[in-house]
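In what follows, a single structure is set out as structure tokens and then discussed.
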Amino acid sequence: MLFKKKKKDIEDEHLKNLAKIVGQKSILHHKEDLLSYDCDGFTIHKSLPKAVIFPKNTEEVVAAVTYCSTHNIPFLARGAGTGLSGGAIPLHEEVVISLVKMKNLLSVDYENRQAVVQPGYVNLKLTNSISAKGYYYAPDPSSQYVCTIGGNVAENAGGAHCLKYGVTTNHILGLELVLPNGEIVEISENGVPDMPGYDLLGILTGSEGTLGIVTKITVRILKNPEGKKTVLAYFDRVEDGSHAVSDIISAGIVPAALEMMDHTAIEGVEAGAFPVGHPKGIEALLLIEVDGIIEGIDEQIDQILSVCRNHNVRDVKVARDEEERGRWWANRKTGFGAMGAISPDYLVQDGVIPRSTLPKVLNNIKEISNEYNLRIANIFHAGDGNLHPLILFDSRIEGETEKALKAGTACLKACADVGGSITGEHGVGIEKKEEMRFIFTDDELEAQIAIREVFNPNDLLNKGKLFPTPSRCMDIKKVIKETAAAQ
Amino acid sequence: MTATEKELSNESPPCATNKLSNYLWEDHPDENKWADCVHCGMCLESCPTYLETGQEQHSPRGRVHLIKSVAEGKLEVNEQFMDPVFQCLDCRACTTACPADVDVGGLIEEARGQVRQAMPLTGMKGAISSFFLKGLFPHPNRLQAAGGLLKFYQKSGLQKAVRSTGALRVMPKHLAEMEAIMPEITTSVRKKYKDVEVIPAKGTPKAQVAMLKGCIMDVMFGDINQSTINVLTHNGNDVELPKNQTCCGALHVHAGDRETGKKLAKQNIEAFEKSNKVVVNAAGCGCALKEYPELLRNEPEWKERAEAFSEKVEDISKYLYDTGYEKPTSSINKRITYHDACHLAHGQGVRHEPRQLLKDIPGVTFIEQPNADTCCGSAGIYNITNPEMATAVLERKMENVPDDVDMISMGNPGCMLQMAMGVQKYGRSGEIVHTVQLLDWAYQEDQKKQPQTTDARKE
Ligand SMILES: Cc1cc2nc3c(=O)[nH]c(=O)nc-3n(C[C@H](O)[C@H](O)[C@H](O)COP(=O)(O)OP(=O)(O)OC[C@H]3O[C@@H](n4cnc5c(N)ncnc54)[C@H](O)[C@@H]3O)c2cc1C
Ligand code: SF4
Ligand code: SF4
């Protein structure tokens with residue numbers, strides 16, 4: 001009997017009861033099956049959940065949540081598990097409530113330009129389903145091929161085209177939410193924007209799954225722009241690229257997207273599955289897209305081309321057709337994953353800085369890379385100053401993971417020091433909760449925790465995320481006092 | 001090492017130098033393959049089994065994670081591990097989706113090798129599997145006999161009798177469904193060209209190519225092999241049929257029987273050593289032949305020969321496209337859609353060529369189907385071993401096949417059977433054809449129009 005193990009029946013009483021709620025086929029409880037849920041896109045921390053359940057509708061979510069909270073069982077929501085800050089990692093043997101079986105497009109109202117989706121509906125599917133009618137859903141995180149709109153709401157996801165169109169929060173018109181006590185709340189049920197009173201949608205969007213479980217989402221859909229053109233520019237010096245970015249924006253152009261990749265990032269994407277054939281020895285490339293009414297586009301493109309030329313561009317070109325444009329974007333959007341081709345692991349950071357400080361911060365990051373002797377690739381939304389330093393490391397080498405984490409923190413510090421933020425779109429999760437102290441005072445943290453307590457008083461939902469540990473303010477204060485005393 | 005010693009070492013407890021943590025047997029999954037995976041999840045939505053279950057252990061990312069965890073000593077090779085590893089369709093859609101080019105398929109095949117050694121198949125599944133894999137496919141004579149029986153079964157009226165008397169009801173449902181779509185057995189190329197080494201090109205020969213006859217292809221789909229020969233000779237190719245060639249071994253490798261797979265691989269490498277080009281009309285076989293270097297990665301000398309061999313392997317549609325083919329003048333006035341066989345599109349990157357071939361036939365209205373490159377659920381003998389998942393995957397596939405087509409064209413016999421089942425089961429239209437058949441039929445029409453040309457073919 002060395003290898004043969006019979007499938008065991010559920011022994012745990014709680015899991016038996018949860019299985020009754022969602023059905024035997026919709027619960028995972030074997031260690032082997034749970035293993036896939038021990039982390040998300042942030043792989044540095046791993047721990048197993050108690051079980052994973054797959055509710056098929058809001059009623060099942062309500063029943064499961066009510067059961068968990070009645071019995072004091074911690075739980076959390078999970079979408080596609082592409083989060084990069086560990087938001088979906090079960091730190092306290094949570095019951096993971098996976099929303100991926102709730103994946104329907106419920107309705108589309110073209111007249112009022114809105115659509116209603118279930119939380120497990122995949123981002124790109126929305127655009128794909130409405131594009132034939134000339135509409136699209138604007139927030140386009142690079143993970144849009146797989147990530148869920150529920151996860152996007154939780155992380156307030158952004159994307160390449162958010163420079164012009166705004167991030168997820170600008171496109172959410174209404175939410176249905178199951179509170180940790182099992183109560184259903186509907187916010188802005190009919191999707192009417194700008195309801196009077198507190199902006200609850202704003203609080204919930206980006207709350208990283210700590211306030212409630214989103215079970216239905218009303219989103220804004222947009223009419224496809226009349227025209228669209230895409231430019232690719234290669235630079236021999238990072239500074240030239242950065243200055244070009246600043247000048248494009250100060251020329252009054254609002255590109256739909258303005259993306260940058262540095263030398264190491266280019267090496268990665270060219271080694272990956274969607275290479276474009278970028279020339280060798282390039283230090284920075286810009287991918288710029290303008291869209292809107294056809295008349296204005298060529299003029300803006302001319303302006304962009306001349307800005308690039310003013311900054312010693314080595315080569316600059318406009319995509320010939322949709323096919324070429326598609327290849328450029330696939331190359332950019334699969335950039336994170338492509339790093340696997342040049343490094344066994346990566347840690348992606350997500351700092352935001354004032355655009356004008358771009359050359360300085362990129363320089364700092366280079367210094368950090370030298371100091372820790374780890375390669376750092378930069379692939380990011382340059383237009384809105386949202387940096388993504390990717391720290392490349394090999395977790396099989398002893399001590400390298402810790403080194404990578406430290407380098408990551410140093411990068412965030414560099415961003416905070418120039419007046420920026422520690423996250424643009426990937427969220428705090430468990431990854432950056434300590435770094436929250438870089439930008440918030442204790443009082444500010446305390447105020448935020450007070451909000452959480454209104455929704456999630458017992459901290460059973462997604463415990464240990466978003467705020468520094470120990471998360472109770474009193475404790476934080478104690479720790480700070482103790483450290484001060486010790487110094 | 002003597003032969004017996006060698007045999008013993010395969011059976012006996014694993015040798016310490018070759019194991020990797022909880023992988024106790026040789027030829028364990030390759031560490032470098034999972035080192036490429038950064039756990040980004042970009043593969044999730046490409047995976048039919050994830051789409052069906054929504055469960056990540058049935059996704060490429062989950063499978064890689066599981067396989068890695070055994071190597072890290074966190075898990076054992078047991079039933080619970082086996083399930084996701086064997087539910088994989090080996091469709092390679094994840095290979096296309098993965099930005100880091102992780103060879104998920106290769107890892108899964110290697111893991112299956114470990115599972116099969118840890119837990120040899122028993123019971124009905126074991127019997128079916130070893131009957132097909134060991135008893136039938138590698139033995140052309142037996143297959144021929146089986147084909148003969150099938151033919152007898154069809155011709156004798158027995159088939160009709162079985163179908164009308166309800167004898168089918170005693171078969172498991174999915175096997176009964178398979179029976180219903182069994183193709184009309186035609187003469188196998190192997191039998192027909194028993195004494196022929198090279199079938200001459202029509203007109204002046206441009207090139208000489210060898211053809212893989214395949215095992216099932218030749219018995220159940222002899223006419224497709226014939227069409228392939230016709231199309232090749234029509235376009236100035238001498239076609240050789242090396243005698244010692246055998247089954248490609250894909251099904252064995254998919255099932256975790258890597259040892260038989262390797263034996264067959266070596267036999268084929270030898271059989272085709274003198275040929276310059278090896279043309280294949282079955283996507284699954286072509287992909288397997290191209291992956292021989294991977295299969296033989298631990299045997300340096302063979303690996304080198306395998307590399308030289310796999311360079312020569314080409315799918316028929318790509319070969320024709322690359323070397324040029326005569327565009328037929330006769331029309332086939334049909335609405336035709338194309339299904340990308342996984343092992344052509346994802347496995348070999350061949351997508352454009354077969355479509356172009358179809359579009360070059362006058363009269364064809366080509367209808368693209370959405371998600372043309374999603375798996376149909378055939379996946380070798382997957383539809384026999386995992387009928388439930390195969391059926392679910394097929395249903396999804398059929399939702400994408402346009403309603404109003406006359407024909408569904410593709411480049412893989414396994415898909416043809418499965419899609420035929422889909423058409424039958426869901427009451428759809430569409431005759432299932434192999435892409436080269438269409439080209440062959442158009443050429444035949446051309447020929448009829450100019451009866452003065454002498455036909456070099458044997459028919
Ligand atoms: C390769 C790659 C590229 C990426 N690019 C971008 C990018 O360009 N922009 C960007 O913003 N992000 C990006 N991300 C990060 C990630 O894709 C987003 O954060 C995304 O929104 C997560 O969605 P998900 O469905 O995977 O959620 P998960 O990872 O499953 O969950 C994320 C968080 O949301 C919570 N959650 C999930 N569903 C619900 C729900 N229904 N109700 C309440 N809480 C819920 C979870 O508890 C968790 O805290 C990228 C990730 C990868 C791997
Ligand atoms: S297999 Fe590829 S796509 Fe899937 S998680 Fe790993 S790196 Fe990402
Ligand atoms: S080969 Fe197909 S079934 Fe297997 S993991 Fe990849 S996509 Fe999924």
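Labels for the structure tokens follow display order: chains A, B, ..., residues from 1 in each chain, ligands from 1.
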Neighbours of His234 in chain B within 9 Å (only C-alpha atoms; same-chain residues fewer than 5 positions away dropped), as an NGL selection string? :B and (201-203 or 229 or 325-326 or 440 or 443)
Could you save the residues just selected, with C-alpha atoms, as a JSON list (two decimals), in the first residue's frame?
[["chain", "number", "residue", "atom", "x", "y", "z"],
["B", 201, "ALA", "CA", 5.39, 10.75, -58.99],
["B", 202, "LYS", "CA", 3.19, 11.69, -61.88],
["B", 203, "GLY", "CA", 5.26, 13.48, -64.46],
["B", 229, "ILE", "CA", -0.32, 9.44, -51.74],
["B", 325, "TYR", "CA", 1.00, 22.48, -55.07],
["B", 326, "GLU", "CA", -1.12, 22.68, -58.16],
["B", 440, "ASP", "CA", -7.55, 14.71, -53.84],
["B", 443, "TYR", "CA", -7.73, 16.60, -58.54]]
Show which residues sit within 12 Å of Asp195 in chain B, as a compact mmCIF listing (two decimals) with N, CA and C atoms, in the first residue's frame. Count only C-alpha atoms, and ignore same-chain residues fewer than 5 positions away.
# COMPACT_ATOMS: atom_id res chain seq x y z
N VAL B 189 -3.29 1.02 -47.00
CA VAL B 189 -2.18 1.30 -47.90
C VAL B 189 -1.09 0.25 -47.72
N ARG B 190 -0.96 -0.18 -46.48
CA ARG B 190 0.05 -1.17 -46.17
C ARG B 190 -0.16 -2.43 -47.00
N GLU B 240 7.87 7.14 -50.84
CA GLU B 240 8.37 5.84 -50.36
C GLU B 240 7.64 5.48 -49.06
N LEU B 241 7.50 4.16 -48.90
CA LEU B 241 6.82 3.67 -47.70
C LEU B 241 7.77 2.72 -46.98
N PRO B 242 8.72 3.28 -46.21
CA PRO B 242 9.71 2.42 -45.57
C PRO B 242 9.04 1.28 -44.80
N LYS B 243 9.61 0.08 -45.01
CA LYS B 243 8.95 -1.13 -44.54
C LYS B 243 8.88 -1.24 -43.02
Using only C-alpha atoms, can you tell me which of B:Met119, B:Leu20, B:Leu438, B:Cys88 comes closest to chain A?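 So, comparing all the options, the nearest one is B:Met119.
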Proximity check chain B to ligand 2, 8 Å, nearest pairs one decimal Å, only C-alpha atoms and all ligand atoms, as CSV:
residue,atom,partner,partner_atom_place_in_ligand_line,distance
B:Trp34,CA,ligand 2,6 (Fe),7.7
B:Asp36,CA,ligand 2,7 (S),6.3
B:Cys37,CA,ligand 2,7 (S),3.7
B:Val38,CA,ligand 2,7 (S),4.5
B:His39,CA,ligand 2,5 (S),3.6
B:Cys40,CA,ligand 2,8 (Fe),4.0
B:Gly41,CA,ligand 2,5 (S),4.0
B:Met42,CA,ligand 2,3 (S),4.2
B:Cys43,CA,ligand 2,3 (S),4.1
B:Leu44,CA,ligand 2,4 (Fe),6.8
B:Pro60,CA,ligand 2,4 (Fe),5.8
B:Arg61,CA,ligand 2,5 (S),4.4
B:Gly62,CA,ligand 2,5 (S),7.9
B:Val64,CA,ligand 2,1 (S),6.9
B:Cys94,CA,ligand 2,1 (S),6.9
B:Thr95,CA,ligand 2,2 (Fe),7.5
B:Ala97,CA,ligand 2,3 (S),6.3
B:Cys98,CA,ligand 2,3 (S),3.7
B:Pro99,CA,ligand 2,3 (S),5.8
B:Ala100,CA,ligand 2,7 (S),5.1
B:Asp101,CA,ligand 2,2 (Fe),6.3
B:Val102,CA,ligand 2,2 (Fe),5.2
B:Asp103,CA,ligand 2,1 (S),7.6
B:Val104,CA,ligand 2,1 (S),6.4
Any chance you could export the current selection's C-alpha atoms as a short mmCIF file (atom, residue, chain, number, x, y, z; two decimals), in the first residue's frame?
data_model
loop_
_atom_site.label_atom_id
_atom_site.label_comp_id
_atom_site.auth_asym_id
_atom_site.auth_seq_id
_atom_site.Cartn_x
_atom_site.Cartn_y
_atom_site.Cartn_z
CA TRP B 34 8.78 23.81 -14.18
CA ASP B 36 10.10 28.32 -16.34
CA CYS B 37 6.66 28.58 -14.76
CA VAL B 38 6.10 31.82 -12.88
CA HIS B 39 2.59 30.90 -11.76
CA CYS B 40 1.00 33.79 -13.63
CA GLY B 41 -2.14 31.88 -14.57
CA MET B 42 -2.26 33.16 -18.14
CA CYS B 43 -2.86 29.57 -19.25
CA LEU B 44 -6.06 29.03 -17.26
CA PRO B 60 -2.02 23.80 -16.50
CA ARG B 61 -0.74 26.00 -13.68
CA GLY B 62 -2.18 23.62 -11.09
CA VAL B 64 2.73 22.11 -13.00
CA CYS B 94 -1.58 25.82 -22.65
CA THR B 95 1.67 25.72 -24.62
CA ALA B 97 -1.12 30.46 -24.20
CA CYS B 98 1.88 30.40 -21.90
CA PRO B 99 4.06 33.50 -22.22
CA ALA B 100 7.04 31.68 -20.71
CA ASP B 101 6.87 28.74 -23.12
CA VAL B 102 6.53 26.23 -20.31
CA ASP B 103 6.41 22.70 -21.71
CA VAL B 104 3.38 21.65 -19.67
#
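All residues within range 235-336 of chain B that the backbone DSSP calculation assigns to strand (DSSP E) are Asn237, Asp238, Val239, Glu240, Val278, Val279, Val280, Val313, Glu314, Asp315, Arg335 and Ile336 of chain B.
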Exercise: range 190-197 of chain A partners within 7 Å, only C-alpha atoms, chain neighbours under 4 positions left out, as a list in words: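 Non-adjacent residues within range: Leu173, Gly174 and Thr218 of chain A.
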Got time to write the residues from that selection, N, CA, C and O atoms, as a compact mmCIF listing (two decimals), in the first residue's frame?
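As a result, out17.txt now contains:
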# COMPACT_ATOMS: atom_id res chain seq x y z
N LEU A 173 -20.66 50.62 -11.92
CA LEU A 173 -21.89 51.40 -11.71
C LEU A 173 -22.75 50.83 -10.59
O LEU A 173 -23.61 51.51 -10.04
N GLY A 174 -22.55 49.58 -10.26
CA GLY A 174 -23.36 48.98 -9.20
C GLY A 174 -22.78 47.66 -8.76
O GLY A 174 -22.07 47.00 -9.53
N THR A 218 -22.40 45.68 -12.00
CA THR A 218 -22.87 46.44 -13.16
C THR A 218 -21.72 47.32 -13.62
O THR A 218 -21.18 48.10 -12.83
Excluding same-chain residues fewer than 6 positions from Glu445 in chain B, what lies within 12 Å of it counting only C-alpha atoms, as a tab-separated table (two decimals) with all heavy atoms, in the first residue's frame?
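Here's the written file part.tsv:
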chain	number	residue	atom	x	y	z
B	328	PRO	N	-6.27	23.04	-57.93
B	328	PRO	CA	-7.22	22.31	-58.77
B	328	PRO	C	-8.12	23.28	-59.54
B	328	PRO	O	-8.30	24.43	-59.11
B	328	PRO	CB	-8.03	21.49	-57.78
B	328	PRO	CG	-7.82	22.12	-56.44
B	328	PRO	CD	-6.52	22.84	-56.49
B	329	THR	N	-8.65	22.82	-60.67
B	329	THR	CA	-9.56	23.69	-61.43
B	329	THR	C	-11.01	23.28	-61.24
B	329	THR	O	-11.91	24.07	-61.43
B	329	THR	CB	-9.21	23.64	-62.93
B	329	THR	OG1	-9.19	22.27	-63.33
B	329	THR	CG2	-7.86	24.28	-63.21
B	330	SER	N	-11.21	22.04	-60.86
B	330	SER	CA	-12.60	21.59	-60.64
B	330	SER	C	-13.11	22.14	-59.31
B	330	SER	O	-12.35	22.33	-58.38
B	330	SER	CB	-12.66	20.07	-60.59
B	330	SER	OG	-12.14	19.54	-61.78
B	331	SER	N	-14.43	22.32	-59.28
B	331	SER	CA	-15.01	22.93	-58.08
B	331	SER	C	-15.57	21.90	-57.12
B	331	SER	O	-16.08	20.86	-57.53
B	331	SER	CB	-16.17	23.85	-58.47
B	331	SER	OG	-15.70	24.85	-59.32
B	332	ILE	N	-15.43	22.21	-55.85
B	332	ILE	CA	-16.20	21.50	-54.83
B	332	ILE	C	-17.09	22.56	-54.22
B	332	ILE	O	-16.64	23.40	-53.45
B	332	ILE	CB	-15.27	20.87	-53.76
B	332	ILE	CG1	-14.35	19.84	-54.41
B	332	ILE	CG2	-16.09	20.25	-52.65
B	332	ILE	CD1	-13.44	19.08	-53.45
B	361	ILE	N	-9.24	25.60	-53.26
B	361	ILE	CA	-10.10	24.72	-54.05
B	361	ILE	C	-11.29	25.53	-54.55
B	361	ILE	O	-12.04	26.09	-53.74
B	361	ILE	CB	-10.59	23.51	-53.22
B	361	ILE	CG1	-9.40	22.72	-52.70
B	361	ILE	CG2	-11.53	22.64	-54.04
B	361	ILE	CD1	-9.76	21.63	-51.71
B	362	PRO	N	-11.46	25.62	-55.87
B	362	PRO	CA	-12.57	26.42	-56.38
B	362	PRO	C	-13.91	25.93	-55.83
B	362	PRO	O	-14.09	24.74	-55.61
B	362	PRO	CB	-12.50	26.18	-57.89
B	362	PRO	CG	-11.11	25.70	-58.16
B	362	PRO	CD	-10.66	24.99	-56.93
B	438	LEU	N	-10.08	16.41	-49.65
B	438	LEU	CA	-10.75	17.39	-50.49
B	438	LEU	C	-9.90	17.74	-51.70
B	438	LEU	O	-10.38	17.81	-52.83
B	438	LEU	CB	-11.05	18.64	-49.67
B	438	LEU	CG	-12.21	18.45	-48.71
B	438	LEU	CD1	-12.24	19.53	-47.65
B	438	LEU	CD2	-13.53	18.45	-49.48
B	439	LEU	N	-8.61	17.93	-51.43
B	439	LEU	CA	-7.71	18.28	-52.52
B	439	LEU	C	-7.66	17.12	-53.52
B	439	LEU	O	-7.74	17.31	-54.74
B	439	LEU	CB	-6.32	18.56	-51.94
B	439	LEU	CG	-5.36	19.33	-52.83
B	439	LEU	CD1	-5.96	20.67	-53.24
B	439	LEU	CD2	-4.03	19.58	-52.09
B	451	PRO	N	-9.33	12.90	-69.94
B	451	PRO	CA	-9.15	11.44	-69.88
B	451	PRO	C	-7.90	10.96	-70.60
B	451	PRO	O	-7.44	9.85	-70.36
B	451	PRO	CB	-10.40	10.89	-70.53
B	451	PRO	CG	-10.97	12.02	-71.31
B	451	PRO	CD	-10.47	13.29	-70.76
Sort by chain and increasing residue number a table of all residues of chain B within 6 Å of ligand 3, each with its closest pair of atoms and their distance in Å to one decimal, counting only C-alpha atoms and all ligand atoms, and write it as a Markdown table.
| residue | atom | partner | partner_atom_place_in_ligand_line | distance |
| --- | --- | --- | --- | --- |
| B:Ser46 | CA | ligand 3 | 7 (S) | 5.7 |
| B:Cys47 | CA | ligand 3 | 7 (S) | 3.6 |
| B:Pro48 | CA | ligand 3 | 3 (S) | 5.6 |
| B:Thr49 | CA | ligand 3 | 3 (S) | 5.4 |
| B:Ser59 | CA | ligand 3 | 5 (S) | 5.3 |
| B:Pro60 | CA | ligand 3 | 5 (S) | 3.8 |
| B:Cys88 | CA | ligand 3 | 4 (Fe) | 3.9 |
| B:Leu89 | CA | ligand 3 | 3 (S) | 4.1 |
| B:Asp90 | CA | ligand 3 | 1 (S) | 3.8 |
| B:Cys91 | CA | ligand 3 | 2 (Fe) | 3.9 |
| B:Arg92 | CA | ligand 3 | 1 (S) | 3.9 |
| B:Ala93 | CA | ligand 3 | 7 (S) | 4.4 |
| B:Cys94 | CA | ligand 3 | 7 (S) | 4.2 |
| B:Gly105 | CA | ligand 3 | 1 (S) | 5.3 |
Of B:Val209, B:Ile269, B:Ala111, B:Ala118, the one nearest to chain A when counting only C-alpha atoms is B:Ala118
What residues in range 231-446 of chain B get the DSSP label helix (DSSP H, G or I)? Please answer as a ChimeraX atom specification. /B:231-234,250-254,258-271,283-290,292-295,300-312,316-323,342-348,352-359,382-385,387-400,413-425,435-446
So that I have them on file, write out the residues from the current selection with C-alpha atoms, as a compact mmCIF listing (two decimals), in the first residue's frame.
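And here is the file that came out, result21.txt:
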# COMPACT_ATOMS: atom_id res chain seq x y z
CA VAL B 231 -1.93 14.34 -53.68
CA LEU B 232 1.81 13.89 -53.16
CA THR B 233 2.37 12.05 -56.44
CA HIS B 234 0.11 14.49 -58.26
CA ALA B 250 2.06 8.91 -29.12
CA LEU B 251 -0.70 7.01 -27.41
CA HIS B 252 1.79 5.08 -25.32
CA VAL B 253 3.57 8.20 -24.19
CA HIS B 254 0.25 9.89 -23.42
CA ARG B 258 7.20 5.69 -22.00
CA GLU B 259 9.25 2.54 -22.39
CA THR B 260 7.13 1.19 -25.24
CA GLY B 261 7.04 4.71 -26.64
CA LYS B 262 10.82 4.81 -26.72
CA LYS B 263 11.09 1.42 -28.41
CA LEU B 264 8.71 2.49 -31.15
CA ALA B 265 10.53 5.79 -31.52
CA LYS B 266 13.84 4.06 -32.06
CA GLN B 267 12.34 1.72 -34.61
CA ASN B 268 10.95 4.65 -36.56
CA ILE B 269 14.16 6.63 -36.37
CA GLU B 270 15.93 3.66 -37.91
CA ALA B 271 13.24 2.99 -40.47
CA ALA B 283 -1.45 15.57 -36.44
CA GLY B 284 -1.03 13.48 -33.32
CA CYS B 285 1.56 11.24 -34.96
CA GLY B 286 3.43 14.16 -36.51
CA CYS B 287 3.66 15.92 -33.19
CA ALA B 288 4.91 12.75 -31.49
CA LEU B 289 7.59 12.23 -34.14
CA LYS B 290 8.72 15.80 -33.70
CA TYR B 292 11.25 12.14 -30.16
CA PRO B 293 14.28 14.16 -29.00
CA GLU B 294 12.35 15.06 -25.88
CA LEU B 295 11.31 11.45 -25.31
CA PRO B 300 22.48 11.16 -25.69
CA GLU B 301 23.25 9.06 -28.75
CA TRP B 302 19.60 8.46 -29.55
CA LYS B 303 18.71 12.02 -28.76
CA GLU B 304 21.06 13.19 -31.47
CA ARG B 305 19.59 10.79 -34.01
CA ALA B 306 16.12 11.81 -32.90
CA GLU B 307 16.94 15.45 -33.50
CA ALA B 308 18.08 14.73 -37.04
CA PHE B 309 14.95 12.68 -37.56
CA SER B 310 12.47 15.18 -36.16
CA GLU B 311 13.89 17.90 -38.41
CA LYS B 312 12.63 15.89 -41.36
CA ILE B 316 1.18 17.05 -45.19
CA SER B 317 -0.55 20.43 -45.35
CA LYS B 318 2.62 22.30 -44.46
CA TYR B 319 4.71 20.21 -46.82
CA LEU B 320 2.38 20.98 -49.71
CA TYR B 321 2.19 24.64 -48.78
CA ASP B 322 5.96 25.00 -48.50
CA THR B 323 6.89 23.09 -51.64
CA CYS B 342 -4.62 20.36 -31.15
CA HIS B 343 -1.48 18.61 -32.25
CA LEU B 344 -1.37 20.61 -35.46
CA ALA B 345 -2.20 24.07 -34.13
CA HIS B 346 -0.75 23.97 -30.63
CA GLY B 347 1.67 21.11 -31.14
CA GLN B 348 3.21 22.10 -34.47
CA HIS B 352 -2.60 28.84 -41.83
CA GLU B 353 -1.48 26.18 -44.31
CA PRO B 354 -4.48 23.82 -44.22
CA ARG B 355 -6.87 26.76 -44.39
CA GLN B 356 -5.07 28.08 -47.44
CA LEU B 357 -5.25 24.65 -49.04
CA LEU B 358 -9.02 24.61 -48.61
CA LYS B 359 -9.41 28.15 -49.88
CA TYR B 382 -8.89 9.81 -23.91
CA ASN B 383 -12.43 9.45 -25.17
CA ILE B 384 -12.24 5.80 -24.20
CA THR B 385 -10.53 6.28 -20.83
CA PRO B 387 -15.57 9.48 -21.40
CA GLU B 388 -17.25 12.00 -19.11
CA MET B 389 -14.76 14.79 -19.62
CA ALA B 390 -14.38 13.93 -23.30
CA THR B 391 -18.12 14.29 -23.79
CA ALA B 392 -18.23 17.62 -21.96
CA VAL B 393 -15.35 18.95 -24.03
CA LEU B 394 -17.00 17.72 -27.23
CA GLU B 395 -20.22 19.46 -26.34
CA ARG B 396 -18.37 22.75 -25.91
CA LYS B 397 -16.65 22.17 -29.24
CA MET B 398 -19.89 21.50 -31.07
CA GLU B 399 -21.34 24.75 -29.75
CA ASN B 400 -18.70 26.51 -31.83
CA PRO B 413 -7.94 10.81 -37.50
CA GLY B 414 -8.68 10.89 -33.76
CA CYS B 415 -10.47 14.19 -34.15
CA MET B 416 -12.38 12.82 -37.13
CA LEU B 417 -13.89 10.03 -35.05
CA GLN B 418 -14.70 12.33 -32.17
CA MET B 419 -16.18 15.07 -34.35
CA ALA B 420 -18.23 12.50 -36.20
CA MET B 421 -19.59 11.46 -32.85
CA GLY B 422 -20.38 15.11 -32.12
CA VAL B 423 -22.22 15.56 -35.40
CA GLN B 424 -24.22 12.44 -34.80
CA LYS B 425 -24.96 13.03 -31.16
CA THR B 435 -8.12 18.22 -45.65
CA VAL B 436 -6.08 16.20 -48.15
CA GLN B 437 -9.15 14.24 -49.18
CA LEU B 438 -10.75 17.39 -50.49
CA LEU B 439 -7.71 18.28 -52.52
CA ASP B 440 -7.55 14.71 -53.84
CA TRP B 441 -11.21 14.76 -54.85
CA ALA B 442 -10.74 18.02 -56.70
CA TYR B 443 -7.73 16.60 -58.54
CA GLN B 444 -9.73 13.50 -59.43
CA GLU B 445 -12.41 15.72 -60.95
CA ASP B 446 -9.70 17.51 -62.91
Would you list the contacts of range 274-278 of chain A as a list in words, taking every protein, DNA or RNA residue within 6 Å and counting only C-alpha atoms, but skipping same-chain residues closer than 3 positions in sequence? Val269, Glu270 and Asn331 of chain A
How close does chain A get to chain B? List, as a tab-separated table, each residue of chain A within 6 Å, its nearest atom pair and the distance in Å to one decimal, counting only C-alpha atoms.
residue	atom	partner	partner_atom	distance
A:Phe3	CA	B:Asn78	CA	5.1
A:Lys4	CA	B:Asn78	CA	5.8
A:Asp33	CA	B:Gln57	CA	5.8
A:Ser36	CA	B:Gly62	CA	5.1
A:Gly41	CA	B:Cys40	CA	5.2
A:Thr82	CA	B:Gly41	CA	5.9
A:Val146	CA	B:Glu45	CA	5.7
A:Gly272	CA	B:Ala100	CA	5.0
A:Ala273	CA	B:Pro99	CA	4.9
A:Thr334	CA	B:Pro99	CA	5.6
A:Gly337	CA	B:Pro99	CA	5.1
A:Ala338	CA	B:Ala100	CA	4.3
A:Gly340	CA	B:Asp36	CA	4.6
A:Ala341	CA	B:Ala100	CA	4.9
A:Pro344	CA	B:Ala35	CA	4.9
A:Asp345	CA	B:Val38	CA	5.7
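For Val238 in chain A, the set of protein, DNA and RNA residues having any atom at most 8 Å away, when counting only C-alpha atoms and skipping those fewer than 6 positions along the same chain, is Asp262, Glu283, Ala284 and Pro359 of chain A.
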Just-selected residues, C-alpha atoms written as a JSON list (two decimals), in the first residue's frame:
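See part_1.json below for the written result:
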[["chain", "number", "residue", "atom", "x", "y", "z"],
["A", 262, "ASP", "CA", 13.65, 48.56, -20.44],
["A", 283, "GLU", "CA", 17.74, 50.43, -23.65],
["A", 284, "ALA", "CA", 14.09, 51.47, -23.66],
["A", 359, "PRO", "CA", 14.47, 59.18, -14.77]]
What lies within 9 Å of Leu358 in chain A using only C-alpha atoms, ignoring chain neighbours under 6 positions off, as a PyMOL selection string? chain A and resi 239+242-243+246+382+385+387
Would you mind reading off the distance between CA of Arg297 in chain B and CA of Lys277 in chain B, one decimal, in Å?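 Rounded to one decimal, the two atoms are 22.3 Å apart.
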